[in-house]
Each structure stands twice: as structure tokens, then as C-alpha cells.
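Engineer: File name query02.pdb; file contents PDB, C-alpha atoms and all ligand atoms; full text below.
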ATOM      1  CA  MET S   1      -6.401  14.658   6.172
ATOM      2  CA  LYS S   2      -2.736  13.881   6.603
ATOM      3  CA  VAL S   3      -1.127  10.657   5.442
ATOM      4  CA  CYS S   4       2.323   9.822   6.824
ATOM      5  CA  LEU S   5       4.727   7.592   4.915
ATOM      6  CA  GLN S   6       7.070   5.435   6.968
ATOM      7  CA  PRO S   7       9.915   3.802   5.020
ATOM      8  CA  VAL S   8      10.857   0.480   6.676
ATOM      9  CA  GLY S   9      14.373  -0.443   5.605
ATOM     10  CA  SER S  10      15.847   1.264   2.570
ATOM     11  CA  VAL S  11      13.153   2.155   0.021
ATOM     12  CA  ARG S  12      13.554   3.670  -3.454
ATOM     13  CA  SER S  13      13.287   7.431  -3.103
ATOM     14  CA  ASP S  14      11.629   7.877  -6.523
ATOM     15  CA  VAL S  15       8.714   5.660  -5.455
ATOM     16  CA  ILE S  16       8.388   7.378  -2.053
ATOM     17  CA  GLY S  17       8.492  10.800  -3.736
ATOM     18  CA  TYR S  18       5.828   9.749  -6.244
ATOM     19  CA  LEU S  19       3.544   8.488  -3.471
ATOM     20  CA  ARG S  20       4.011  11.648  -1.425
ATOM     21  CA  ASP S  21       3.049  13.780  -4.413
ATOM     22  CA  LYS S  22      -0.048  11.726  -5.321
ATOM     23  CA  LEU S  23      -1.293  10.982  -1.797
ATOM     24  CA  GLY S  24      -0.753  14.624  -0.808
ATOM     25  CA  LYS S  25      -2.992  15.744  -3.663
ATOM     26  CA  ILE S  26      -5.607  13.055  -3.005
ATOM     27  CA  PHE S  27      -5.885  13.320   0.799
ATOM     28  CA  GLY S  28      -4.661  16.886   1.372
ATOM     29  CA  GLU S  29      -1.298  16.418   3.070
ATOM     30  CA  CYS S  30       1.485  13.854   3.043
ATOM     31  CA  GLU S  31       4.664  13.713   5.100
ATOM     32  CA  ILE S  32       7.615  11.323   4.866
ATOM     33  CA  PHE S  33       9.076  10.048   8.148
ATOM     34  CA  GLU S  34      12.727   9.119   8.715
ATOM     35  CA  GLU S  35      13.474   5.560   7.679
ATOM     36  CA  ILE S  36      13.280   2.892  10.398
ATOM     37  CA  GLU S  37      15.044  -0.473  10.300
ATOM     38  CA  LEU S  38      13.360  -3.688   9.249
ATOM     39  CA  PRO S  39      12.868  -5.530  12.552
ATOM     40  CA  LYS S  40      15.076  -8.634  12.515
ATOM     41  CA  TYR S  41      12.587 -10.677  14.546
ATOM     42  CA  ALA S  42      10.037 -10.272  11.737
ATOM     43  CA  TYR S  43      12.325 -12.143   9.329
ATOM     44  CA  ASN S  44      11.517 -15.773   8.588
ATOM     45  CA  PRO S  45      14.671 -17.402   7.128
ATOM     46  CA  LYS S  46      12.799 -20.502   5.955
ATOM     47  CA  ARG S  47      10.563 -18.363   3.778
ATOM     48  CA  ASN S  48      13.065 -15.562   3.143
ATOM     49  CA  GLN S  49      10.166 -13.206   3.879
ATOM     50  CA  TYR S  50       9.090 -10.846   6.638
ATOM     51  CA  ASN S  51       5.987 -11.247   8.786
ATOM     52  CA  SER S  52       3.876  -8.264   7.863
ATOM     53  CA  SER S  53       1.838  -8.137  11.082
ATOM     54  CA  LEU S  54       4.987  -7.911  13.214
ATOM     55  CA  ILE S  55       6.226  -4.925  11.198
ATOM     56  CA  LEU S  56       2.804  -3.265  11.258
ATOM     57  CA  MET S  57       2.894  -3.299  15.076
ATOM     58  CA  ARG S  58       6.149  -1.343  15.003
ATOM     59  CA  LEU S  59       4.796   1.585  12.995
ATOM     60  CA  PRO S  60       4.184   4.880  14.812
ATOM     61  CA  THR S  61       0.640   5.838  15.847
ATOM     62  CA  HIS S  62       0.848   9.624  16.234
ATOM     63  CA  CYS S  63      -0.362  10.302  12.677
ATOM     64  CA  SER S  64      -4.025   9.537  11.869
ATOM     65  CA  VAL S  65      -2.942   7.370   8.919
ATOM     66  CA  THR S  66       0.576   5.940   8.654
ATOM     67  CA  LEU S  67       1.517   3.871   5.633
ATOM     68  CA  GLY S  68       4.653   1.753   6.036
ATOM     69  CA  ILE S  69       6.543   1.050   2.817
ATOM     70  CA  THR S  70       9.140  -1.658   2.446
ATOM     71  CA  GLU S  71      11.042  -3.382  -0.329
ATOM     72  CA  ALA S  72      11.040  -6.606   1.710
ATOM     73  CA  ASP S  73       8.755  -9.440   0.621
ATOM     74  CA  LEU S  74       5.896  -9.852   3.122
ATOM     75  CA  TYR S  75       3.667 -12.718   4.242
ATOM     76  CA  ALA S  76       0.825 -12.937   6.752
ATOM     77  CA  TYR S  77      -1.590 -15.525   8.120
ATOM     78  CA  THR S  78      -2.000 -18.332   5.607
ATOM     79  CA  PHE S  79      -1.028 -16.262   2.582
ATOM     80  CA  ASN S  80       2.168 -17.172   0.699
ATOM     81  CA  PHE S  81       2.710 -13.475   0.200
ATOM     82  CA  ILE S  82       0.798 -10.232   0.548
ATOM     83  CA  PHE S  83       1.019  -6.901  -1.241
ATOM     84  CA  GLY S  84      -0.015  -5.135   1.944
ATOM     85  CA  GLU S  85      -1.868  -5.271   5.231
ATOM     86  CA  ALA S  86      -3.868  -2.745   7.230
ATOM     87  CA  GLU S  87      -5.563  -2.203  10.571
ATOM     88  CA  LEU S  88      -9.239  -1.909   9.591
ATOM     89  CA  LYS S  89     -10.519   1.396  11.025
ATOM     90  CA  GLY S  90      -7.149   1.725  12.755
ATOM     91  CA  LYS S  91      -4.198   3.990  12.075
ATOM     92  CA  ARG S  92      -1.590   1.915  10.310
ATOM     93  CA  ALA S  93      -0.983  -0.040   7.145
ATOM     94  CA  ILE S  94       1.980  -1.382   5.222
ATOM     95  CA  ILE S  95       2.736  -2.187   1.591
ATOM     96  CA  SER S  96       5.588  -4.102   0.004
ATOM     97  CA  LEU S  97       7.147  -3.080  -3.295
ATOM     98  CA  ALA S  98       8.786  -6.507  -3.770
ATOM     99  CA  ARG S  99       6.086  -8.084  -5.945
ATOM    100  CA  LEU S 100       4.985  -4.836  -7.578
ATOM    101  CA  ASP S 101       8.271  -4.583  -9.459
ATOM    102  CA  PRO S 102       7.974  -5.982 -13.023
ATOM    103  CA  GLU S 103      11.529  -7.309 -12.653
ATOM    104  CA  PHE S 104      10.293  -9.658  -9.907
ATOM    105  CA  TYR S 105       8.383 -11.522 -12.629
ATOM    106  CA  GLY S 106      11.335 -11.510 -15.029
ATOM    107  CA  HIS S 107       9.862  -8.635 -17.034
ATOM    108  CA  GLU S 108      11.699  -5.548 -18.220
ATOM    109  CA  LYS S 109      12.361  -2.710 -15.820
ATOM    110  CA  ASN S 110       9.371  -0.341 -15.835
ATOM    111  CA  ASP S 111       9.467   2.320 -13.140
ATOM    112  CA  GLU S 112       6.194   3.953 -14.203
ATOM    113  CA  LEU S 113       4.351   0.652 -13.840
ATOM    114  CA  LEU S 114       5.964   0.048 -10.438
ATOM    115  CA  LYS S 115       4.859   3.501  -9.242
ATOM    116  CA  VAL S 116       1.248   3.102 -10.383
ATOM    117  CA  ARG S 117       1.063  -0.339  -8.760
ATOM    118  CA  ALA S 118       2.456   1.143  -5.529
ATOM    119  CA  LEU S 119      -0.186   3.890  -5.639
ATOM    120  CA  LYS S 120      -2.945   1.275  -6.071
ATOM    121  CA  GLU S 121      -1.763  -0.782  -3.112
ATOM    122  CA  ALA S 122      -1.303   2.385  -1.033
ATOM    123  CA  MET S 123      -4.856   3.577  -1.815
ATOM    124  CA  HIS S 124      -6.196   0.087  -1.038
ATOM    125  CA  GLU S 125      -4.546  -0.197   2.380
ATOM    126  CA  ILE S 126      -5.351   3.409   3.309
ATOM    127  CA  GLY S 127      -8.960   2.609   2.344
ATOM    128  CA  HIS S 128      -8.994  -0.203   4.928
ATOM    129  CA  VAL S 129      -7.602   2.136   7.608
ATOM    130  CA  LEU S 130     -10.465   4.518   6.778
ATOM    131  CA  GLY S 131     -12.990   1.708   7.248
ATOM    132  CA  LEU S 132     -13.532   0.363   3.737
ATOM    133  CA  VAL S 133     -13.832  -3.388   3.241
ATOM    134  CA  HIS S 134     -13.241  -5.231  -0.027
ATOM    135  CA  CYS S 135     -15.334  -4.120  -2.978
ATOM    136  CA  GLY S 136     -16.870  -6.411  -5.588
ATOM    137  CA  ASN S 137     -16.207  -3.950  -8.395
ATOM    138  CA  ARG S 138     -13.070  -5.318 -10.062
ATOM    139  CA  ARG S 139     -12.113  -1.868 -11.348
ATOM    140  CA  CYS S 140     -12.303  -0.372  -7.844
ATOM    141  CA  VAL S 141      -9.025  -0.045  -5.960
ATOM    142  CA  MET S 142     -10.722  -1.724  -2.958
ATOM    143  CA  CYS S 143     -11.114  -4.982  -4.905
ATOM    144  CA  PHE S 144      -8.873  -7.671  -3.378
ATOM    145  CA  SER S 145      -5.694  -8.416  -5.365
ATOM    146  CA  ASN S 146      -4.859 -12.091  -5.394
ATOM    147  CA  THR S 147      -2.246 -11.672  -8.103
ATOM    148  CA  ILE S 148      -0.492  -8.829  -9.865
ATOM    149  CA  PHE S 149      -3.006  -9.235 -12.732
ATOM    150  CA  ASP S 150      -5.777  -8.086 -10.371
ATOM    151  CA  THR S 151      -3.671  -5.100  -9.360
ATOM    152  CA  ASP S 152      -3.055  -4.178 -12.994
ATOM    153  CA  TYR S 153      -6.730  -4.595 -13.894
ATOM    154  CA  LYS S 154      -8.062  -2.258 -11.239
ATOM    155  CA  ASP S 155      -7.912   1.515 -11.228
ATOM    156  CA  TRP S 156      -6.000   3.444  -8.540
ATOM    157  CA  LYS S 157      -9.288   5.169  -7.582
ATOM    158  CA  TYR S 158     -12.154   4.295  -5.240
ATOM    159  CA  CYS S 159     -15.392   3.512  -7.087
ATOM    160  CA  GLU S 160     -18.385   5.807  -6.572
ATOM    161  CA  ARG S 161     -19.795   3.628  -3.781
ATOM    162  CA  CYS S 162     -16.523   3.426  -1.836
ATOM    163  CA  LEU S 163     -15.910   7.133  -2.353
ATOM    164  CA  GLU S 164     -19.410   7.926  -1.100
ATOM    165  CA  PHE S 165     -18.702   5.899   2.072
ATOM    166  CA  LEU S 166     -15.521   7.889   2.748
ATOM    167  CA  ARG S 167     -17.181  11.221   2.033
ATOM    168  CA  SER S 168     -20.067  10.293   4.368
ATOM    169  CA  LYS S 169     -17.430  10.177   7.118
ATOM    170  CA  GLY S 170     -16.528  13.764   6.336
ATOM    171  CA  LEU S 171     -13.287  12.936   4.517
ATOM    172  CA  GLU S 172     -12.281  15.209   1.679
ATOM    173  CA  ILE S 173     -10.821  13.135  -1.094
ATOM    174  CA  ASN S 174      -9.770  14.454  -4.466
ATOM    175  CA  LEU S 175      -9.542  11.855  -7.235
ATOM    176  CA  GLU S 176      -9.408  14.468 -10.012
ATOM    177  CA  ILE S 177      -5.629  14.647 -10.119
ATOM    178  CA  LYS S 178      -3.094  14.078 -12.903
TER     179      LYS S 178
HETATM  180 ZN    ZN S 201      -7.577  -5.523   1.193
HETATM  181 ZN    ZN S 202     -15.443   0.150  -4.543
END
Translate this file's structure into C-alpha cells.
Ligand code: ZN
Ligand code: ZN
Structural biologist:
Amino acid sequence: MKVCLQPVGSVRSDVIGYLRDKLGKIFGECEIFEEIELPKYAYNPKRNQYNSSLILMRLPTHCSVTLGITEADLYAYTFNFIFGEAELKGKRAIISLARLDPEFYGHEKNDELLKVRALKEAMHEIGHVLGLVHCGNRRCVMCFSNTIFDTDYKDWKYCERCLEFLRSKGLEINLEIK
């Protein structure tokens, strides 16, 4: 299966490159699209955040799974912020790096931590696109992240049950990567 990465606004190339490498190995193929602009109408000046759903609608649909990536801080529905959003059993999802960066919380710069967190949120949102709902296993990547502590607690992998669901749909997924 092919996963397409769509940078929305300028996005750190080291993080995009890391995701392409990992997602390519996990799902089979991964391509990076040309950057598109952050849509101005999605910006909410009162919140200094972008409406995630409005950006999601702008993502291309010609790839079976497209993951938007932005550095902008996102919100949706009644949530103060979100790490990401997806079309359940659809084609598109988006993640934000804003609150995955340790520096956002006043912690020291840690690029490795940022990359692993980005991989977890990417796997989570791609899981929704592939039809997975939230999982009660707190170590499973499909467990809902309310805070960054939840993200750090869970693994970047699907648990056996979630993986079995995906494989039952004929998807080849390789979690035995380094
Ligand atoms: Zn979710
Ligand atoms: Zn699970």
C-alpha cells in the first residue's frame, strides 16, 4: 500500500524524511508531495490556531492514503487542540507537529523524541483511515491521546488485535522494522 505525505506550510525536512523512511517500510511505499500553503481561511486569530477539518478538506484524494503534516497548531470540534484528525475509512488524515515538540512544553530540544511522537500520531491517523477505531489497550498506537503523556506511553505499533483487523482487510503491514 502507498502512503502519501502532504506537507501543509513549511515542515521540517528531517521529520518528513524520517516519516517517509518508516512509513515506507511499514506500509510498502511512501511518497512526499510538493508542499501546499496553509489555507488562510482555516486560521482562527482569536485562538492563534488552525481549524483542522478545513485543512483536511483541502488535501488531495488521488492517493489511497494521504497524510497531511503541518507545524501549525490545530483545533477541531470542542477540543482545545488536537494532535491529528482523520477521515474514518476515508482517504485523508492530518497531524500537527506543534505539540509533539518537547520545546513546546519548555523542555530541551530533542529531535529523536519529536520524530517518534510524529510516527505515533501518523500511525494512529493512518489507522483511522484504514478503518480502525480507538483501542482500549493503552500501549497500542490506536489508543486515544488526550495529552502528550498518553502519546509517550503508547508504542508506535498497532496491538495484535488492531493488526489482525488490518490484515483481515488484506493489508500487508510490517511492524518488524528498526
Ligand atoms: Zn484517534
Ligand atoms: Zn489496538
Engineer: All residues within 9 Å of ligand ZN 201 (chain S) are required, counting only C-alpha atoms and all ligand atoms; please report them as a PyMOL selection string.
Structural biologist: chain S and resi 84-86+121+124-125+127-128+132-135+142-145
Engineer: Which one is closest to ligand ZN 202 (chain S): S:Tyr153, S:Asn137, S:Leu171, S:Gly17? Count only C-alpha atoms and all ligand atoms.
Structural biologist: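 Result for the nearest residue to ligand ZN 202 (chain S): S:Asn137.
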Engineer: Compile the contact shell of segment 37-47 of chain S as a PyMOL selection string: residues with an atom at most 6 Å away, counting only C-alpha atoms, same-chain residues fewer than 5 positions apart removed.
Structural biologist: chain S and resi 8-9+54
Engineer: From the set S:Met1, S:Ile69, S:Ile173, S:Leu166, which residue has the shortest atom-to-atom contact distance to ligand ZN 202 (chain S), counting only C-alpha atoms and all ligand atoms?
Structural biologist: S:Leu166
Engineer: Between atom CA of Leu74 of chain S and atom CA of Ser53 of chain S, what is the distance, to one decimal in Å?
Structural biologist: 9.1 Å
Engineer: Evaluate the PyMOL selection byres (((chain S and resi 72) around 10) and not hetatm) on the structure here and hand back the selected residues as a ChimeraX atom specification.
Structural biologist: /S:8-11,38,43,48-52,69-71,73-75,95-99
Engineer: Which residues are near Glu172 of chain S? Cut-off 10 Å, only C-alpha atoms, ignore same chain within fewer than 4 positions. Put them as a PyMOL selection string.
Structural biologist: chain S and resi 1+26-28+163+166-168
Engineer: Evaluate the PyMOL selection byres (((chain S and resi 68) around 8) and not hetatm) here and jot the selected residues down as a count of residues only.
Structural biologist: 14
Engineer: Mind telling me what the PyMOL selection byres (((chain S and resi 30) around 6) and not hetatm) catches here, as a list in words?
Structural biologist: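 Listing what the PyMOL selection byres (((chain S and resi 30) around 6) and not hetatm) selects in the shown file: Lys2, Val3, Cys4, Arg20, Gly24, Glu29 and Glu31 of chain S.
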Engineer: Which value, in Å to one decimal, gives the distance between atom CA of Glu112 of chain S and atom CA of Phe83 of chain S?
Structural biologist: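 Result for atom CA of Glu112 of chain S versus atom CA of Phe83 of chain S: 17.7 Å, one decimal.
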Engineer: What does the structure give for the distance between atom CA of Arg138 of chain S and atom CA of Leu113 of chain S, in Å to one decimal?
Structural biologist: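 Answer for the atom CA of Arg138 of chain S to atom CA of Leu113 of chain S separation: 18.8 Å.
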Engineer: Kindly indicate which residue among S:Glu176, S:Glu103, S:Asp14, S:Glu34 lies nearest to Pro60 of chain S, using only C-alpha atoms for the distances.
Structural biologist: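 Using only C-alpha atoms, the shortest distance to Pro60 of chain S belongs to S:Glu34.
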Engineer: N, CA and C atoms are needed for segment 164-177 of chain S; please write them out as a PDB file, in the coordinates of the input.
Structural biologist:
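Now in selection11.pdb:
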ATOM      1  N   GLU S 164     -18.251   7.386  -1.820  1.00  0.00           N
ATOM      2  CA  GLU S 164     -19.410   7.926  -1.100  1.00  0.00           C
ATOM      3  C   GLU S 164     -19.308   7.575   0.392  1.00  0.00           C
ATOM      4  N   PHE S 165     -18.884   6.335   0.685  1.00  0.00           N
ATOM      5  CA  PHE S 165     -18.702   5.899   2.072  1.00  0.00           C
ATOM      6  C   PHE S 165     -17.691   6.806   2.780  1.00  0.00           C
ATOM      7  N   LEU S 166     -16.570   7.061   2.125  1.00  0.00           N
ATOM      8  CA  LEU S 166     -15.521   7.889   2.748  1.00  0.00           C
ATOM      9  C   LEU S 166     -16.007   9.323   2.940  1.00  0.00           C
ATOM     10  N   ARG S 167     -16.696   9.835   1.931  1.00  0.00           N
ATOM     11  CA  ARG S 167     -17.181  11.221   2.033  1.00  0.00           C
ATOM     12  C   ARG S 167     -18.250  11.344   3.108  1.00  0.00           C
ATOM     13  N   SER S 168     -19.031  10.258   3.333  1.00  0.00           N
ATOM     14  CA  SER S 168     -20.067  10.293   4.368  1.00  0.00           C
ATOM     15  C   SER S 168     -19.438  10.387   5.757  1.00  0.00           C
ATOM     16  N   LYS S 169     -18.138  10.055   5.841  1.00  0.00           N
ATOM     17  CA  LYS S 169     -17.430  10.177   7.118  1.00  0.00           C
ATOM     18  C   LYS S 169     -16.752  11.544   7.237  1.00  0.00           C
ATOM     19  N   GLY S 170     -17.063  12.412   6.279  1.00  0.00           N
ATOM     20  CA  GLY S 170     -16.528  13.764   6.336  1.00  0.00           C
ATOM     21  C   GLY S 170     -15.128  13.895   5.758  1.00  0.00           C
ATOM     22  N   LEU S 171     -14.639  12.858   5.083  1.00  0.00           N
ATOM     23  CA  LEU S 171     -13.287  12.936   4.517  1.00  0.00           C
ATOM     24  C   LEU S 171     -13.326  13.627   3.167  1.00  0.00           C
ATOM     25  N   GLU S 172     -12.383  14.534   2.980  1.00  0.00           N
ATOM     26  CA  GLU S 172     -12.281  15.209   1.679  1.00  0.00           C
ATOM     27  C   GLU S 172     -11.256  14.482   0.856  1.00  0.00           C
ATOM     28  N   ILE S 173     -11.717  13.919  -0.248  1.00  0.00           N
ATOM     29  CA  ILE S 173     -10.821  13.135  -1.094  1.00  0.00           C
ATOM     30  C   ILE S 173     -10.940  13.624  -2.519  1.00  0.00           C
ATOM     31  N   ASN S 174      -9.798  13.923  -3.117  1.00  0.00           N
ATOM     32  CA  ASN S 174      -9.770  14.454  -4.466  1.00  0.00           C
ATOM     33  C   ASN S 174      -9.187  13.422  -5.427  1.00  0.00           C
ATOM     34  N   LEU S 175     -10.037  12.870  -6.268  1.00  0.00           N
ATOM     35  CA  LEU S 175      -9.542  11.855  -7.235  1.00  0.00           C
ATOM     36  C   LEU S 175      -9.328  12.472  -8.609  1.00  0.00           C
ATOM     37  N   GLU S 176      -9.569  13.785  -8.712  1.00  0.00           N
ATOM     38  CA  GLU S 176      -9.408  14.468 -10.012  1.00  0.00           C
ATOM     39  C   GLU S 176      -8.004  15.027 -10.138  1.00  0.00           C
ATOM     40  N   ILE S 177      -7.012  14.156 -10.022  1.00  0.00           N
ATOM     41  CA  ILE S 177      -5.629  14.647 -10.119  1.00  0.00           C
ATOM     42  C   ILE S 177      -4.968  14.026 -11.335  1.00  0.00           C
TER      43      ILE S 177
END
